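**Student:** I'm passing along coords-v3.cif; it holds mmCIF, C-alpha atoms, pLDDT in the B column; chains and numbers go by the auth columns.
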data_start
#
loop_
_atom_site.group_PDB
_atom_site.id
_atom_site.type_symbol
_atom_site.label_atom_id
_atom_site.label_comp_id
_atom_site.label_asym_id
_atom_site.label_seq_id
_atom_site.Cartn_x
_atom_site.Cartn_y
_atom_site.Cartn_z
_atom_site.B_iso_or_equiv
_atom_site.auth_seq_id
_atom_site.auth_asym_id
ATOM 1 C CA MET A 1 75.273 -17.716 -100.081 84.00 19 A
ATOM 2 C CA ASP A 2 75.729 -20.186 -97.262 92.00 20 A
ATOM 3 C CA VAL A 3 78.610 -19.576 -94.840 98.00 21 A
ATOM 4 C CA VAL A 4 79.715 -22.325 -92.449 98.00 22 A
ATOM 5 C CA ASN A 5 82.190 -21.974 -89.596 98.00 23 A
ATOM 6 C CA VAL A 6 84.121 -25.234 -90.038 98.00 24 A
ATOM 7 C CA THR A 7 86.050 -24.765 -86.773 98.00 25 A
ATOM 8 C CA ALA A 8 82.939 -24.243 -84.635 97.00 26 A
ATOM 9 C CA ASP A 9 83.501 -27.491 -82.705 96.00 27 A
ATOM 10 C CA ALA A 10 87.202 -26.922 -81.993 97.00 28 A
ATOM 11 C CA GLU A 11 88.502 -27.754 -78.525 96.00 29 A
ATOM 12 C CA GLU A 12 91.715 -25.761 -78.992 96.00 30 A
ATOM 13 C CA PHE A 13 92.133 -22.029 -79.462 97.00 31 A
ATOM 14 C CA THR A 14 91.487 -21.192 -83.106 98.00 32 A
ATOM 15 C CA CYS A 15 90.051 -18.535 -85.319 98.00 33 A
ATOM 16 C CA ASN A 16 86.748 -18.999 -87.074 98.00 34 A
ATOM 17 C CA ALA A 17 87.408 -20.547 -90.485 98.00 35 A
ATOM 18 C CA TYR A 18 84.563 -19.862 -92.894 98.00 36 A
ATOM 19 C CA LEU A 19 83.540 -22.032 -95.814 98.00 37 A
ATOM 20 C CA LEU A 20 81.595 -20.290 -98.579 98.00 38 A
ATOM 21 C CA ASP A 21 79.668 -22.358 -101.085 94.00 39 A
ATOM 22 C CA GLY A 22 78.691 -21.302 -104.597 94.00 40 A
ATOM 23 C CA ASP A 23 80.434 -20.948 -107.933 95.00 41 A
ATOM 24 C CA VAL A 24 83.826 -20.546 -106.247 97.00 42 A
ATOM 25 C CA PRO A 25 83.940 -22.733 -103.112 98.00 43 A
ATOM 26 C CA ALA A 26 86.314 -20.936 -100.782 98.00 44 A
ATOM 27 C CA LEU A 27 87.707 -20.926 -97.263 98.00 45 A
ATOM 28 C CA VAL A 28 88.508 -17.747 -95.370 99.00 46 A
ATOM 29 C CA ASP A 29 91.354 -18.655 -92.996 98.00 47 A
ATOM 30 C CA ALA A 30 92.222 -22.192 -91.940 98.00 48 A
ATOM 31 C CA GLY A 31 92.379 -22.139 -88.150 98.00 49 A
ATOM 32 C CA THR A 32 94.246 -24.532 -85.872 98.00 50 A
ATOM 33 C CA MET A 33 91.707 -27.332 -85.439 98.00 51 A
ATOM 34 C CA PRO A 34 93.172 -30.725 -86.429 98.00 52 A
ATOM 35 C CA GLY A 35 90.954 -32.388 -89.010 98.00 53 A
ATOM 36 C CA VAL A 36 89.467 -29.167 -90.347 98.00 54 A
ATOM 37 C CA GLU A 37 89.941 -30.516 -93.872 98.00 55 A
ATOM 38 C CA ASP A 38 87.640 -33.420 -92.998 98.00 56 A
ATOM 39 C CA VAL A 39 84.950 -30.994 -91.882 98.00 57 A
ATOM 40 C CA VAL A 40 85.243 -29.169 -95.212 98.00 58 A
ATOM 41 C CA THR A 41 84.635 -32.435 -97.076 97.00 59 A
ATOM 42 C CA ARG A 42 81.234 -32.764 -95.360 96.00 60 A
ATOM 43 C CA TYR A 43 80.118 -29.779 -97.419 96.00 61 A
ATOM 44 C CA THR A 44 82.152 -29.949 -100.633 95.00 62 A
ATOM 45 C CA SER A 45 84.609 -32.162 -102.443 94.00 63 A
ATOM 46 C CA ASP A 46 86.089 -29.163 -104.233 95.00 64 A
ATOM 47 C CA LEU A 47 87.755 -26.162 -102.651 98.00 65 A
ATOM 48 C CA ASP A 48 88.891 -23.633 -105.221 98.00 66 A
ATOM 49 C CA ARG A 49 90.388 -20.958 -103.033 98.00 67 A
ATOM 50 C CA VAL A 50 91.759 -20.213 -99.566 98.00 68 A
ATOM 51 C CA VAL A 51 92.104 -16.576 -98.519 98.00 69 A
ATOM 52 C CA LEU A 52 93.998 -15.463 -95.432 99.00 70 A
ATOM 53 C CA THR A 53 92.934 -12.379 -93.512 98.00 71 A
ATOM 54 C CA HIS A 54 96.376 -12.475 -91.863 98.00 72 A
ATOM 55 C CA GLN A 55 98.978 -15.011 -90.857 98.00 73 A
ATOM 56 C CA HIS A 56 98.815 -15.183 -87.065 98.00 74 A
ATOM 57 C CA HIS A 57 99.126 -18.809 -85.963 98.00 75 A
ATOM 58 C CA ASP A 58 95.487 -19.206 -84.951 98.00 76 A
ATOM 59 C CA HIS A 59 94.518 -18.436 -88.557 98.00 77 A
ATOM 60 C CA VAL A 60 97.063 -20.631 -90.376 98.00 78 A
ATOM 61 C CA GLY A 61 97.937 -23.519 -88.047 98.00 79 A
ATOM 62 C CA GLU A 62 96.166 -26.113 -90.221 98.00 80 A
ATOM 63 C CA LEU A 63 96.715 -24.340 -93.540 98.00 81 A
ATOM 64 C CA ASP A 64 99.100 -26.958 -94.930 98.00 82 A
ATOM 65 C CA ALA A 65 96.608 -29.735 -94.181 98.00 83 A
ATOM 66 C CA VAL A 66 93.899 -27.878 -96.119 98.00 84 A
ATOM 67 C CA LEU A 67 96.216 -27.129 -99.037 98.00 85 A
ATOM 68 C CA ASP A 68 97.412 -30.745 -99.188 98.00 86 A
ATOM 69 C CA ALA A 69 93.847 -32.076 -99.155 98.00 87 A
ATOM 70 C CA PHE A 70 92.329 -29.830 -101.832 98.00 88 A
ATOM 71 C CA ASP A 71 95.157 -28.085 -103.716 98.00 89 A
ATOM 72 C CA PRO A 72 93.269 -24.763 -103.806 98.00 90 A
ATOM 73 C CA GLU A 73 94.672 -21.401 -104.835 98.00 91 A
ATOM 74 C CA LEU A 74 96.120 -19.622 -101.799 98.00 92 A
ATOM 75 C CA SER A 75 95.646 -15.851 -101.671 98.00 93 A
ATOM 76 C CA ALA A 76 97.329 -13.719 -99.010 98.00 94 A
ATOM 77 C CA TYR A 77 98.658 -10.210 -98.498 98.00 95 A
ATOM 78 C CA ALA A 78 102.028 -11.209 -97.039 98.00 96 A
ATOM 79 C CA ASP A 79 104.457 -13.665 -98.533 98.00 97 A
ATOM 80 C CA HIS A 80 103.921 -17.356 -97.835 98.00 98 A
ATOM 81 C CA PRO A 81 105.840 -20.328 -99.284 98.00 99 A
ATOM 82 C CA ARG A 82 102.641 -21.696 -100.838 98.00 100 A
ATOM 83 C CA ARG A 83 100.999 -18.442 -101.868 98.00 101 A
ATOM 84 C CA ASP A 84 99.625 -18.380 -105.414 98.00 102 A
ATOM 85 C CA ARG A 85 98.218 -14.865 -105.452 98.00 103 A
ATOM 86 C CA ALA A 86 99.479 -11.776 -103.668 98.00 104 A
ATOM 87 C CA LEU A 87 96.610 -9.604 -102.492 98.00 105 A
ATOM 88 C CA ALA A 88 96.763 -5.819 -102.544 98.00 106 A
ATOM 89 C CA ASP A 89 94.421 -3.125 -101.314 98.00 107 A
ATOM 90 C CA GLY A 90 91.622 -2.604 -103.818 98.00 108 A
ATOM 91 C CA ASP A 91 91.894 -6.024 -105.449 98.00 109 A
ATOM 92 C CA GLU A 92 88.726 -7.945 -106.214 98.00 110 A
ATOM 93 C CA ILE A 93 88.381 -11.655 -105.537 98.00 111 A
ATOM 94 C CA GLU A 94 85.516 -14.065 -106.104 98.00 112 A
ATOM 95 C CA LEU A 95 84.463 -16.178 -103.124 98.00 113 A
ATOM 96 C CA GLY A 96 81.355 -18.309 -103.073 97.00 114 A
ATOM 97 C CA GLU A 97 78.726 -16.334 -104.956 96.00 115 A
ATOM 98 C CA GLU A 98 80.053 -12.804 -104.413 97.00 116 A
ATOM 99 C CA THR A 99 82.908 -10.604 -105.534 98.00 117 A
ATOM 100 C CA PHE A 100 84.791 -9.115 -102.597 98.00 118 A
ATOM 101 C CA GLU A 101 87.006 -6.057 -102.413 98.00 119 A
ATOM 102 C CA VAL A 102 90.256 -6.480 -100.516 98.00 120 A
ATOM 103 C CA VAL A 103 90.646 -3.715 -97.945 98.00 121 A
ATOM 104 C CA TYR A 104 94.035 -3.445 -96.269 98.00 122 A
ATOM 105 C CA THR A 105 93.305 -3.136 -92.543 98.00 123 A
ATOM 106 C CA PRO A 106 96.533 -3.365 -90.484 98.00 124 A
ATOM 107 C CA GLY A 107 96.919 -2.572 -86.807 98.00 125 A
ATOM 108 C CA HIS A 108 96.222 -5.943 -85.247 98.00 126 A
ATOM 109 C CA ALA A 109 98.608 -7.459 -87.812 98.00 127 A
ATOM 110 C CA GLY A 110 100.785 -5.824 -90.428 98.00 128 A
ATOM 111 C CA ASP A 111 99.426 -8.074 -93.175 98.00 129 A
ATOM 112 C CA HIS A 112 95.748 -7.857 -92.223 98.00 130 A
ATOM 113 C CA VAL A 113 93.063 -7.553 -94.885 98.00 131 A
ATOM 114 C CA SER A 114 89.272 -7.509 -94.717 98.00 132 A
ATOM 115 C CA LEU A 115 86.995 -8.762 -97.476 98.00 133 A
ATOM 116 C CA VAL A 116 84.034 -6.551 -98.359 98.00 134 A
ATOM 117 C CA GLY A 117 81.273 -7.996 -100.525 98.00 135 A
ATOM 118 C CA GLU A 118 77.829 -6.885 -101.564 97.00 136 A
ATOM 119 C CA THR A 119 76.081 -8.537 -98.615 98.00 137 A
ATOM 120 C CA ALA A 120 78.863 -9.846 -96.365 98.00 138 A
ATOM 121 C CA LEU A 121 82.018 -8.647 -94.631 98.00 139 A
ATOM 122 C CA PHE A 122 84.812 -10.985 -93.547 99.00 140 A
ATOM 123 C CA SER A 123 86.598 -8.806 -91.019 98.00 141 A
ATOM 124 C CA GLY A 124 89.262 -11.122 -89.611 98.00 142 A
ATOM 125 C CA ASP A 125 90.402 -9.678 -86.283 98.00 143 A
ATOM 126 C CA VAL A 126 90.224 -5.956 -87.051 98.00 144 A
ATOM 127 C CA VAL A 127 86.619 -5.815 -85.819 98.00 145 A
ATOM 128 C CA VAL A 128 84.519 -8.493 -84.112 98.00 146 A
ATOM 129 C CA TYR A 129 80.997 -8.463 -82.755 98.00 147 A
ATOM 130 C CA ASN A 130 81.659 -10.022 -79.345 96.00 148 A
ATOM 131 C CA ASP A 131 84.683 -11.179 -77.382 93.00 149 A
ATOM 132 C CA GLY A 132 85.942 -11.152 -73.811 86.00 150 A
ATOM 133 C CA ALA A 133 86.171 -7.367 -73.797 91.00 151 A
ATOM 134 C CA PHE A 134 82.975 -6.124 -75.460 94.00 152 A
ATOM 135 C CA ASP A 135 79.766 -7.839 -76.509 93.00 153 A
ATOM 136 C CA ASP A 136 78.414 -5.595 -79.275 95.00 154 A
ATOM 137 C CA GLY A 137 81.342 -4.176 -81.208 96.00 155 A
ATOM 138 C CA SER A 138 84.978 -4.872 -80.398 97.00 156 A
ATOM 139 C CA PHE A 139 88.371 -4.693 -82.094 97.00 157 A
ATOM 140 C CA GLY A 140 91.538 -6.742 -82.368 95.00 158 A
ATOM 141 C CA ARG A 141 94.114 -6.425 -79.626 94.00 159 A
ATOM 142 C CA THR A 142 96.995 -4.042 -80.280 95.00 160 A
ATOM 143 C CA ASP A 143 99.186 -4.465 -77.192 91.00 161 A
ATOM 144 C CA MET A 144 101.691 -6.955 -78.577 91.00 162 A
ATOM 145 C CA ALA A 145 104.861 -6.483 -80.634 91.00 163 A
ATOM 146 C CA GLY A 146 104.220 -5.309 -84.172 91.00 164 A
ATOM 147 C CA GLN A 147 100.700 -4.063 -83.392 96.00 165 A
ATOM 148 C CA SER A 148 99.412 -0.482 -83.444 96.00 166 A
ATOM 149 C CA ARG A 149 96.199 0.967 -81.996 97.00 167 A
ATOM 150 C CA GLU A 150 96.638 4.118 -84.102 97.00 168 A
ATOM 151 C CA ARG A 151 96.864 2.120 -87.322 98.00 169 A
ATOM 152 C CA LEU A 152 93.903 -0.059 -86.330 98.00 170 A
ATOM 153 C CA VAL A 153 91.795 3.064 -85.797 98.00 171 A
ATOM 154 C CA GLU A 154 92.708 4.217 -89.317 98.00 172 A
ATOM 155 C CA SER A 155 91.792 0.776 -90.644 98.00 173 A
ATOM 156 C CA LEU A 156 88.350 0.883 -89.046 98.00 174 A
ATOM 157 C CA ARG A 157 87.745 4.294 -90.598 98.00 175 A
ATOM 158 C CA ASP A 158 88.840 2.992 -94.005 98.00 176 A
ATOM 159 C CA LEU A 159 86.537 0.014 -93.624 98.00 177 A
ATOM 160 C CA LEU A 160 83.567 2.264 -92.874 98.00 178 A
ATOM 161 C CA ASP A 161 84.373 4.438 -95.891 98.00 179 A
ATOM 162 C CA ARG A 162 84.325 1.416 -98.189 98.00 180 A
ATOM 163 C CA LEU A 163 81.434 -0.520 -96.672 98.00 181 A
ATOM 164 C CA PRO A 164 78.321 -0.680 -98.881 98.00 182 A
ATOM 165 C CA GLU A 165 74.985 -0.139 -97.165 96.00 183 A
ATOM 166 C CA SER A 166 73.927 -3.486 -98.638 98.00 184 A
ATOM 167 C CA VAL A 167 76.255 -5.421 -96.298 98.00 185 A
ATOM 168 C CA THR A 168 74.048 -7.136 -93.723 98.00 186 A
ATOM 169 C CA SER A 169 76.346 -9.831 -92.280 98.00 187 A
ATOM 170 C CA MET A 170 79.749 -9.670 -90.603 98.00 188 A
ATOM 171 C CA TYR A 171 81.873 -12.775 -90.137 98.00 189 A
ATOM 172 C CA ALA A 172 84.770 -12.081 -87.782 98.00 190 A
ATOM 173 C CA GLY A 173 87.801 -14.154 -86.898 98.00 191 A
ATOM 174 C CA HIS A 174 86.523 -14.679 -83.349 98.00 192 A
ATOM 175 C CA GLY A 175 83.186 -14.585 -81.598 97.00 193 A
ATOM 176 C CA ASP A 176 79.784 -14.867 -83.212 97.00 194 A
ATOM 177 C CA PRO A 177 78.768 -13.733 -86.673 98.00 195 A
ATOM 178 C CA PHE A 178 76.551 -10.674 -86.752 98.00 196 A
ATOM 179 C CA HIS A 179 73.452 -10.290 -88.901 98.00 197 A
ATOM 180 C CA ALA A 180 71.800 -6.900 -89.194 98.00 198 A
ATOM 181 C CA THR A 181 68.393 -6.222 -87.684 97.00 199 A
ATOM 182 C CA ASP A 182 65.972 -3.324 -87.992 96.00 200 A
ATOM 183 C CA GLU A 183 67.618 -1.841 -84.898 96.00 201 A
ATOM 184 C CA GLU A 184 71.306 -2.457 -85.629 97.00 202 A
ATOM 185 C CA SER A 185 73.407 -2.546 -88.790 98.00 203 A
ATOM 186 C CA VAL A 186 76.905 -3.801 -89.544 98.00 204 A
ATOM 187 C CA ARG A 187 77.950 -0.163 -89.772 98.00 205 A
ATOM 188 C CA ASP A 188 76.619 0.440 -86.255 98.00 206 A
ATOM 189 C CA VAL A 189 78.790 -2.375 -84.911 98.00 207 A
ATOM 190 C CA ILE A 190 81.938 -1.073 -86.617 98.00 208 A
ATOM 191 C CA GLU A 191 81.275 2.492 -85.485 98.00 209 A
ATOM 192 C CA ARG A 192 80.892 1.271 -81.902 97.00 210 A
ATOM 193 C CA ALA A 193 84.178 -0.648 -82.150 97.00 211 A
ATOM 194 C CA LEU A 194 85.867 2.425 -83.603 98.00 212 A
ATOM 195 C CA SER A 195 84.617 4.629 -80.784 97.00 213 A
ATOM 196 C CA ARG A 196 86.010 2.209 -78.228 96.00 214 A
ATOM 197 C CA ALA A 197 89.339 1.873 -80.037 96.00 215 A
ATOM 198 C CA GLU A 198 89.710 5.646 -80.298 96.00 216 A
ATOM 199 C CA ARG A 199 89.709 5.981 -76.505 92.00 217 A
ATOM 200 C CA ARG A 200 93.176 4.383 -76.526 82.00 218 A
ATOM 201 C CA GLU A 201 92.306 2.536 -73.308 81.00 219 A
ATOM 202 C CA PRO A 202 93.626 -1.021 -72.802 84.00 220 A
ATOM 203 C CA LYS A 203 91.277 -3.556 -74.351 84.00 221 A
ATOM 204 C CA TYR A 204 91.911 -5.944 -71.474 81.00 222 A
ATOM 205 C CA PRO A 205 92.679 -3.607 -68.531 73.00 223 A
ATOM 206 C CA ASP A 206 93.335 -6.443 -66.084 66.00 224 A
ATOM 207 C CA GLU A 207 96.149 -7.970 -68.142 52.00 225 A
#
How does the structure come out when it is put into structure tokens?
**Tutor:**
Amino acid sequence: MDVVNVTADAEEFTCNAYLLDGDVPALVDAGTMPGVEDVVTRYTSDLDRVVLTHQHHDHVGELDAVLDAFDPELSAYADHPRRDRALADGDEIELGEETFEVVYTPGHAGDHVSLVGETALFSGDVVVYNDGAFDDGSFGRTDMAGQSRERLVESLRDLLDRLPESVTSMYAGHGDPFHATDEESVRDVIERALSRAERREPKYPDE
């Protein structure tokens, strides 16, 4: 299954928006990059599904443009005026060439979900490989209104409990994707992020 970050060339702050090819062409998050729908058309003329990990602005800023261009099914945990399918913890959804389990992972956002497949994890902002705080296992910020470090810690534990050993790639909402090596697995990255989150120290101590 090929995964393309269609917002990789963005000049504005955005999340990573991932296009999955296969039997069910799908987009995970939409980002804020103007013209993202044009980038999608370089890879496919059909987009069957858009799934939101959560509805922070950097993940949905260009959502309407994508929906207008392709008329895909919109799946999200929280209500949205254009939502076609309400996601719930434990649901299964087909994206690209895999079936993914929806894992409810709040803390960074109250409506946050992660998507766990056989070989790939789309983790949104609950866990990322590298960012401005840590370079080999980090977690979404929890210092703003409506966020909770305690709930994020629980979410990371839930994610580890439901992560198959066969998952070898992690595609996060920010930073670089991670692909497992002989020395480091996706589970290792999440466990490192969990350990750091459990310390309850500020993620960005200088802010």
**Student:** Which residue is closest to A:Met162? Choose from A:Pro90, A:Ala127, A:Ala35, A:Met188 and count only C-alpha atoms.
**Tutor:** A:Ala127
**Student:** How far is it from atom CA of A:Ser213 to atom CA of A:Ala138, in Å with one decimal?
**Tutor:** 22.0 Å
**Student:** Identify, on the basis of only C-alpha atoms, every residue whose closest approach to A:Asp41 does not exceed 8 Å; exclude the query and any residue fewer than 2 positions from it along the same chain; express the result as an mmCIF file with C-alpha atoms, in the frame of the given file.
**Tutor:**
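The resulting file, selection.cif, is reproduced below:
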data_model
loop_
_atom_site.group_PDB
_atom_site.id
_atom_site.type_symbol
_atom_site.label_atom_id
_atom_site.label_comp_id
_atom_site.auth_asym_id
_atom_site.auth_seq_id
_atom_site.Cartn_x
_atom_site.Cartn_y
_atom_site.Cartn_z
ATOM 1 C CA ASP A 39 79.668 -22.358 -101.085
ATOM 2 C CA PRO A 43 83.940 -22.733 -103.112
ATOM 3 C CA LEU A 113 84.463 -16.178 -103.124
ATOM 4 C CA GLY A 114 81.355 -18.309 -103.073
ATOM 5 C CA GLU A 115 78.726 -16.334 -104.956
#
**Student:** Measure the distance from atom CA of A:Glu168 to atom CA of A:His72 in Å and round it to one decimal.
**Tutor:** 18.3 Å
**Student:** Please identify all polymer residues within 10 Å of A:Glu136, counting all atoms listed in the file, omitting same-chain residues fewer than 3 positions from it, and present them as an MDAnalysis selection string.
**Tutor:** chainID A and resid 116:119 139 181:187
**Student:** Expand the PyMOL selection byres ((chain A and resi 212) around 12) into the explicit residue set it covers here, and present it as a ChimeraX atom specification.
**Tutor:** /A:144-147,154-158,167-178,205-211,213-218
**Student:** Looking at all atoms listed in the file, which of A:Pro99, A:Gly79, A:Pro52, A:Pro195 is the one that sits closest to A:Val22?
**Tutor:**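 Smallest distance to A:Val22 is found for A:Pro195.
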**Student:** May I have the protein, DNA and RNA residues with an atom at most 9 Å from (91.1, -30.0, -98.3), counting only C-alpha atoms in the file's coordinates, returned as number ranges by chain?
**Tutor:** A: 54-59, 63-65, 83-90
**Student:** Would you put the residues from that selection into a file with C-alpha atoms, as a PDB file, in the coordinates of the input?
**Tutor:**
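Below is the file result37.pdb, written as the result:
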ATOM      1  CA  VAL A  54      89.467 -29.167 -90.347  1.00 98.00           C
ATOM      2  CA  GLU A  55      89.941 -30.516 -93.872  1.00 98.00           C
ATOM      3  CA  ASP A  56      87.640 -33.420 -92.998  1.00 98.00           C
ATOM      4  CA  VAL A  57      84.950 -30.994 -91.882  1.00 98.00           C
ATOM      5  CA  VAL A  58      85.243 -29.169 -95.212  1.00 98.00           C
ATOM      6  CA  THR A  59      84.635 -32.435 -97.076  1.00 97.00           C
ATOM      7  CA  SER A  63      84.609 -32.162-102.443  1.00 94.00           C
ATOM      8  CA  ASP A  64      86.089 -29.163-104.233  1.00 95.00           C
ATOM      9  CA  LEU A  65      87.755 -26.162-102.651  1.00 98.00           C
ATOM     10  CA  ALA A  83      96.608 -29.735 -94.181  1.00 98.00           C
ATOM     11  CA  VAL A  84      93.899 -27.878 -96.119  1.00 98.00           C
ATOM     12  CA  LEU A  85      96.216 -27.129 -99.037  1.00 98.00           C
ATOM     13  CA  ASP A  86      97.412 -30.745 -99.188  1.00 98.00           C
ATOM     14  CA  ALA A  87      93.847 -32.076 -99.155  1.00 98.00           C
ATOM     15  CA  PHE A  88      92.329 -29.830-101.832  1.00 98.00           C
ATOM     16  CA  ASP A  89      95.157 -28.085-103.716  1.00 98.00           C
ATOM     17  CA  PRO A  90      93.269 -24.763-103.806  1.00 98.00           C
TER      18      PRO A  90
END
**Student:** Mind dumping stretch 130-147 of chain A from that block, keeping N, CA and C atoms, as a short mmCIF file (atom, residue, chain, number, x, y, z; two decimals), in the first residue's frame?
**Tutor:**
data_model
loop_
_atom_site.label_atom_id
_atom_site.label_comp_id
_atom_site.auth_asym_id
_atom_site.auth_seq_id
_atom_site.Cartn_x
_atom_site.Cartn_y
_atom_site.Cartn_z
N HIS A 130 -10.30 12.72 19.34
CA HIS A 130 -9.18 12.11 18.63
C HIS A 130 -9.33 10.60 18.50
N VAL A 131 -9.07 10.11 17.29
CA VAL A 131 -9.00 8.67 17.05
C VAL A 131 -7.70 8.35 16.31
N SER A 132 -7.22 7.13 16.52
CA SER A 132 -6.10 6.58 15.76
C SER A 132 -6.64 5.43 14.94
N LEU A 133 -5.94 5.11 13.86
CA LEU A 133 -6.37 4.08 12.93
C LEU A 133 -5.30 3.00 12.89
N VAL A 134 -5.65 1.81 13.34
CA VAL A 134 -4.69 0.71 13.49
C VAL A 134 -4.99 -0.37 12.46
N GLY A 135 -4.05 -0.56 11.52
CA GLY A 135 -4.21 -1.59 10.51
C GLY A 135 -3.31 -2.78 10.76
N GLU A 136 -3.18 -3.62 9.76
CA GLU A 136 -2.33 -4.79 9.88
C GLU A 136 -0.86 -4.43 9.80
N THR A 137 -0.54 -3.44 8.95
CA THR A 137 0.87 -3.05 8.77
C THR A 137 1.14 -1.59 9.09
N ALA A 138 0.10 -0.78 9.23
CA ALA A 138 0.29 0.66 9.39
C ALA A 138 -0.58 1.23 10.49
N LEU A 139 -0.06 2.26 11.14
CA LEU A 139 -0.79 3.03 12.15
C LEU A 139 -0.84 4.48 11.71
N PHE A 140 -2.05 5.05 11.69
CA PHE A 140 -2.22 6.49 11.49
C PHE A 140 -2.57 7.06 12.86
N SER A 141 -1.60 7.76 13.45
CA SER A 141 -1.70 8.11 14.87
C SER A 141 -2.16 9.54 15.12
N GLY A 142 -2.42 10.31 14.06
CA GLY A 142 -2.82 11.70 14.28
C GLY A 142 -1.78 12.41 15.12
N ASP A 143 -2.23 13.08 16.20
CA ASP A 143 -1.32 13.83 17.05
C ASP A 143 -1.10 13.18 18.41
N VAL A 144 -1.69 12.02 18.66
CA VAL A 144 -1.52 11.41 19.98
C VAL A 144 -0.09 10.95 20.19
N VAL A 145 0.56 10.46 19.12
CA VAL A 145 1.96 10.08 19.19
C VAL A 145 2.60 10.38 17.85
N VAL A 146 3.79 10.98 17.88
CA VAL A 146 4.52 11.30 16.66
C VAL A 146 5.96 10.82 16.84
N TYR A 147 6.65 10.63 15.73
CA TYR A 147 8.03 10.15 15.84
C TYR A 147 8.98 11.29 16.23
#
